[in-house]
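> Here it is: the structure, laid out below.
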Amino acid sequence: MPKTVIVTGASKGIGKAIALEFAQKGYNIVVNYRGGLPVELLEEMNQLGGSAIGIKADVSKFDEAKSLIESAKEKFGSVDVLVNNAGITCDNLILRMKEEEFDKVIETNLKGAFNMIRHASPVMLKQKSGAIINISSVVGLIGNIGQVNYAASKAGLIGMTKATARELATRGITCNAVAPGFIDTDMTKVLSDTVKNKMLENIPMGHFGNMKDIAEAVYFLSESRYITGQVLNIDGGMVMN
Ligand code: NAD
């Protein structure tokens with residue numbers, strides 16, 4: 001029986017690339033989205049060899065995350081891989097950052113992942129198997145000007161990854177994080193050329209990453225049965241531990 005993956009925020013960007021990667025491997029794919037979902041996307045995944053459905057849910061809402069997991073389980077019978085990809089930015093300098101700007105980034109990026117793990121873990125515990133991959137960021141490791149909220153959410157995700165990995169390890173469930181550097185998506189499109197050129201100076205490989213780089217690493221981590229609690233930087237050498 002094909003395995004099932006849930007990818008949050010998968011209607012575009014990195015989430016979409018991850019969902020397409022799992023489609024190629026013949027997975028059942030639950031494409032979570034918050035706004036709209038292009039109809040052709042599910043068709044594309046089915047043509048690649050997957051079996052895809054779209055489920056609308058705002059992952060920052062505890063009950064919506066619960067229904068998302070329940071619907072996936074009902075449709076496909078298992079939840080084998082959970083990819084917490086949904087994320088937002090709302091940049092501002094700390095001196096100007098409004099309380100709402102801080103809260104909404106934490107609610108989506110950090111609480112959203114908690115909501116999903118909280119509801120997926122009973123299913124995975126029952127199965128005695130599963131893989132959780134959280135999409136963090138190098139910003140959670142080294143910080144970034146204007147991103148106190150985002151950096152806190154992505155650093156929080158790393159702590160959550162390690163604690164979850166420890167709690168679920170004996171039951172055959174892994175939990176890892178990937179920390180992308182600068183990847184060409186809508187999230188980074190908005191940055192000025194000056195900012196982009198400045199960033200390039202700090203990337204030893206001399207170019208930005210693409211979504212496929214992240215998708216392949218996520219799939220690799222989902223398959224491994226002995227890697228857990230790790231953070232994999234995918235950043236062209238930007239951050240070296
Ligand atoms: P994107 O803006 O293209 O996609 C983010 C997706 O998340 C969108 O589809 C959006 O609708 C969805 N989303 C937002 N809030 C949601 C919610 N409450 N519930 C459900 N879905 C929600 O951005 P992207 O660049 O593809 O980023 C994907 C992930 O990768 C994010 O977590 C981001 O922080 C992380 N990341 C991106 C980069 C980069 O350079 N692009 C670098 C490091 C980390």
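We label chains A, B, ... in the order they appear in the structure tokens, count residues from 1 in each chain, and number ligands from 1 in the order shown.
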For ligand 1, return the neighbouring residues as number ranges by chain (distance at most 6 Å; only C-alpha atoms and all ligand atoms).
A: 8-15, 33-35, 57-60, 85-88, 108, 135-137, 180-188
> List every residue of range 63-136 of chain A that has an atom at most 10 Å from any atom of range 216-231 of chain A, and for each one report the closest atom pair and its distance in Å to one decimal, counting only C-alpha atoms, with rows sorted by chain and then by increasing residue number, as JSON lines.

```
{"residue": "A:Asp80", "atom": "CA", "partner": "A:Ser222", "partner_atom": "CA", "distance": 8.8}
{"residue": "A:Val81", "atom": "CA", "partner": "A:Ser222", "partner_atom": "CA", "distance": 6.6}
{"residue": "A:Leu82", "atom": "CA", "partner": "A:Ser222", "partner_atom": "CA", "distance": 8.8}
{"residue": "A:Val83", "atom": "CA", "partner": "A:Val218", "partner_atom": "CA", "distance": 8.1}
{"residue": "A:Ser129", "atom": "CA", "partner": "A:Arg225", "partner_atom": "CA", "distance": 9.3}
{"residue": "A:Gly130", "atom": "CA", "partner": "A:Ser222", "partner_atom": "CA", "distance": 8.2}
{"residue": "A:Ala131", "atom": "CA", "partner": "A:Ser222", "partner_atom": "CA", "distance": 5.4}
{"residue": "A:Ile132", "atom": "CA", "partner": "A:Ser222", "partner_atom": "CA", "distance": 7.2}
{"residue": "A:Ile133", "atom": "CA", "partner": "A:Val218", "partner_atom": "CA", "distance": 6.8}
{"residue": "A:Asn134", "atom": "CA", "partner": "A:Val218", "partner_atom": "CA", "distance": 9.0}
{"residue": "A:Ile135", "atom": "CA", "partner": "A:Val218", "partner_atom": "CA", "distance": 8.9}
{"residue": "A:Ser136", "atom": "CA", "partner": "A:Val231", "partner_atom": "CA", "distance": 8.5}
```
> If DSSP is run on the backbone, what residues of range 7-227 of chain A are strand (DSSP E)? A reply as a ChimeraX atom specification would be ideal.
/A:7,28-33,51-56,81-84,130-135,173-180
> Would you save the residues from that selection as a PDB file, in the first residue's frame, using N, CA and C atoms?

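Once written, result07.pdb looks like this:
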```pdb
ATOM      1  N   VAL A   7       1.753  17.595   3.425  1.00  0.00           N
ATOM      2  CA  VAL A   7       2.656  18.747   3.320  1.00  0.00           C
ATOM      3  C   VAL A   7       1.832  20.002   3.572  1.00  0.00           C
ATOM      4  N   ASN A  28       0.659   8.747  -1.590  1.00  0.00           N
ATOM      5  CA  ASN A  28      -0.594   9.488  -1.445  1.00  0.00           C
ATOM      6  C   ASN A  28      -0.190  10.834  -0.863  1.00  0.00           C
ATOM      7  N   ILE A  29      -0.674  11.908  -1.465  1.00  0.00           N
ATOM      8  CA  ILE A  29      -0.236  13.229  -1.005  1.00  0.00           C
ATOM      9  C   ILE A  29      -1.421  14.069  -0.555  1.00  0.00           C
ATOM     10  N   VAL A  30      -1.317  14.604   0.654  1.00  0.00           N
ATOM     11  CA  VAL A  30      -2.308  15.559   1.119  1.00  0.00           C
ATOM     12  C   VAL A  30      -1.684  16.945   0.991  1.00  0.00           C
ATOM     13  N   VAL A  31      -2.237  17.718   0.046  1.00  0.00           N
ATOM     14  CA  VAL A  31      -1.740  19.063  -0.219  1.00  0.00           C
ATOM     15  C   VAL A  31      -2.556  20.027   0.636  1.00  0.00           C
ATOM     16  N   ASN A  32      -1.955  20.481   1.731  1.00  0.00           N
ATOM     17  CA  ASN A  32      -2.674  21.449   2.562  1.00  0.00           C
ATOM     18  C   ASN A  32      -2.470  22.852   1.988  1.00  0.00           C
ATOM     19  N   TYR A  33      -3.535  23.635   2.028  1.00  0.00           N
ATOM     20  CA  TYR A  33      -3.434  25.027   1.573  1.00  0.00           C
ATOM     21  C   TYR A  33      -4.351  25.881   2.430  1.00  0.00           C
ATOM     22  N   SER A  51      -1.087  10.028  -5.666  1.00  0.00           N
ATOM     23  CA  SER A  51      -2.540  10.137  -5.583  1.00  0.00           C
ATOM     24  C   SER A  51      -2.799  11.309  -4.635  1.00  0.00           C
ATOM     25  N   ALA A  52      -3.192  12.450  -5.216  1.00  0.00           N
ATOM     26  CA  ALA A  52      -3.203  13.678  -4.421  1.00  0.00           C
ATOM     27  C   ALA A  52      -4.604  14.204  -4.137  1.00  0.00           C
ATOM     28  N   ILE A  53      -4.772  14.702  -2.892  1.00  0.00           N
ATOM     29  CA  ILE A  53      -5.995  15.444  -2.569  1.00  0.00           C
ATOM     30  C   ILE A  53      -5.592  16.774  -1.929  1.00  0.00           C
ATOM     31  N   GLY A  54      -6.473  17.752  -2.025  1.00  0.00           N
ATOM     32  CA  GLY A  54      -6.205  19.042  -1.391  1.00  0.00           C
ATOM     33  C   GLY A  54      -7.102  19.186  -0.175  1.00  0.00           C
ATOM     34  N   ILE A  55      -6.541  19.674   0.927  1.00  0.00           N
ATOM     35  CA  ILE A  55      -7.367  19.943   2.110  1.00  0.00           C
ATOM     36  C   ILE A  55      -7.044  21.352   2.615  1.00  0.00           C
ATOM     37  N   LYS A  56      -8.114  22.151   2.689  1.00  0.00           N
ATOM     38  CA  LYS A  56      -7.940  23.529   3.144  1.00  0.00           C
ATOM     39  C   LYS A  56      -7.917  23.561   4.670  1.00  0.00           C
ATOM     40  N   VAL A  81       4.231  10.386   6.735  1.00  0.00           N
ATOM     41  CA  VAL A  81       5.192  11.502   6.736  1.00  0.00           C
ATOM     42  C   VAL A  81       4.415  12.807   6.911  1.00  0.00           C
ATOM     43  N   LEU A  82       4.917  13.626   7.830  1.00  0.00           N
ATOM     44  CA  LEU A  82       4.335  14.967   8.003  1.00  0.00           C
ATOM     45  C   LEU A  82       5.432  15.991   7.740  1.00  0.00           C
ATOM     46  N   VAL A  83       5.173  16.898   6.805  1.00  0.00           N
ATOM     47  CA  VAL A  83       6.142  17.961   6.514  1.00  0.00           C
ATOM     48  C   VAL A  83       5.519  19.299   6.922  1.00  0.00           C
ATOM     49  N   ASN A  84       6.066  19.893   7.969  1.00  0.00           N
ATOM     50  CA  ASN A  84       5.583  21.199   8.424  1.00  0.00           C
ATOM     51  C   ASN A  84       6.332  22.287   7.669  1.00  0.00           C
ATOM     52  N   GLY A 130       6.707   6.514  11.537  1.00  0.00           N
ATOM     53  CA  GLY A 130       6.387   7.837  11.008  1.00  0.00           C
ATOM     54  C   GLY A 130       7.637   8.688  10.904  1.00  0.00           C
ATOM     55  N   ALA A 131       7.531   9.726  10.111  1.00  0.00           N
ATOM     56  CA  ALA A 131       8.646  10.670   9.970  1.00  0.00           C
ATOM     57  C   ALA A 131       8.075  12.078   9.927  1.00  0.00           C
ATOM     58  N   ILE A 132       8.655  12.942  10.747  1.00  0.00           N
ATOM     59  CA  ILE A 132       8.214  14.347  10.777  1.00  0.00           C
ATOM     60  C   ILE A 132       9.400  15.203  10.343  1.00  0.00           C
ATOM     61  N   ILE A 133       9.153  16.108   9.405  1.00  0.00           N
ATOM     62  CA  ILE A 133      10.223  17.012   8.970  1.00  0.00           C
ATOM     63  C   ILE A 133       9.699  18.445   9.086  1.00  0.00           C
ATOM     64  N   ASN A 134      10.416  19.245   9.849  1.00  0.00           N
ATOM     65  CA  ASN A 134      10.037  20.645  10.035  1.00  0.00           C
ATOM     66  C   ASN A 134      10.936  21.540   9.184  1.00  0.00           C
ATOM     67  N   ILE A 135      10.314  22.462   8.450  1.00  0.00           N
ATOM     68  CA  ILE A 135      11.115  23.380   7.628  1.00  0.00           C
ATOM     69  C   ILE A 135      11.450  24.608   8.483  1.00  0.00           C
ATOM     70  N   ILE A 173       9.489   6.556  15.398  1.00  0.00           N
ATOM     71  CA  ILE A 173       9.129   7.805  14.716  1.00  0.00           C
ATOM     72  C   ILE A 173      10.321   8.760  14.753  1.00  0.00           C
ATOM     73  N   THR A 174      10.696   9.280  13.577  1.00  0.00           N
ATOM     74  CA  THR A 174      11.811  10.221  13.522  1.00  0.00           C
ATOM     75  C   THR A 174      11.275  11.649  13.381  1.00  0.00           C
ATOM     76  N   CYS A 175      12.073  12.602  13.851  1.00  0.00           N
ATOM     77  CA  CYS A 175      11.707  14.010  13.673  1.00  0.00           C
ATOM     78  C   CYS A 175      12.985  14.797  13.401  1.00  0.00           C
ATOM     79  N   ASN A 176      13.036  15.439  12.251  1.00  0.00           N
ATOM     80  CA  ASN A 176      14.216  16.208  11.856  1.00  0.00           C
ATOM     81  C   ASN A 176      13.786  17.563  11.306  1.00  0.00           C
ATOM     82  N   ALA A 177      14.766  18.448  11.186  1.00  0.00           N
ATOM     83  CA  ALA A 177      14.487  19.761  10.591  1.00  0.00           C
ATOM     84  C   ALA A 177      15.426  19.982   9.418  1.00  0.00           C
ATOM     85  N   VAL A 178      14.956  20.721   8.421  1.00  0.00           N
ATOM     86  CA  VAL A 178      15.882  21.221   7.415  1.00  0.00           C
ATOM     87  C   VAL A 178      15.911  22.738   7.562  1.00  0.00           C
ATOM     88  N   ALA A 179      17.096  23.296   7.359  1.00  0.00           N
ATOM     89  CA  ALA A 179      17.269  24.745   7.473  1.00  0.00           C
ATOM     90  C   ALA A 179      17.748  25.280   6.127  1.00  0.00           C
ATOM     91  N   PRO A 180      16.782  25.710   5.279  1.00  0.00           N
ATOM     92  CA  PRO A 180      17.202  26.279   3.996  1.00  0.00           C
ATOM     93  C   PRO A 180      17.904  27.612   4.195  1.00  0.00           C
TER      94      PRO A 180
END
```
> Residues at most 10 Å from Arg171 in chain A, counting only C-alpha atoms, excluding those fewer than 4 positions away in the same chain, as a ChimeraX atom specification?
/A:124-130,167
> Going by DSSP on the backbone, which residues of range 101-239 of chain A come out as alpha helix (DSSP H)? List them as a ChimeraX atom specification.
/A:101-105,112-127,139-142,148-168,186-189,193-200,211-223
> So that I can see what lies close to range 93-100 of chain A, please list as a PyMOL selection string the residues with an atom at most 10 Å from it, counting only C-alpha atoms and leaving out residues fewer than 3 positions away in the same chain.
chain A and resi 90+103-106+145-149
> Nearest residue to Glu21 in chain A out of A:Leu110, A:Met45, A:Met1, A:Leu68, using only C-alpha atoms?
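Checking each of A:Leu110, A:Met45, A:Met1, A:Leu68 against Glu21 in chain A, counting only C-alpha atoms, the winner is A:Met45.
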> Can you measure CA of Ile214 in chain A to CA of Arg118 in chain A for me? One decimal in Å is fine.
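Rounded to one decimal, the two atoms are 24.2 Å apart.
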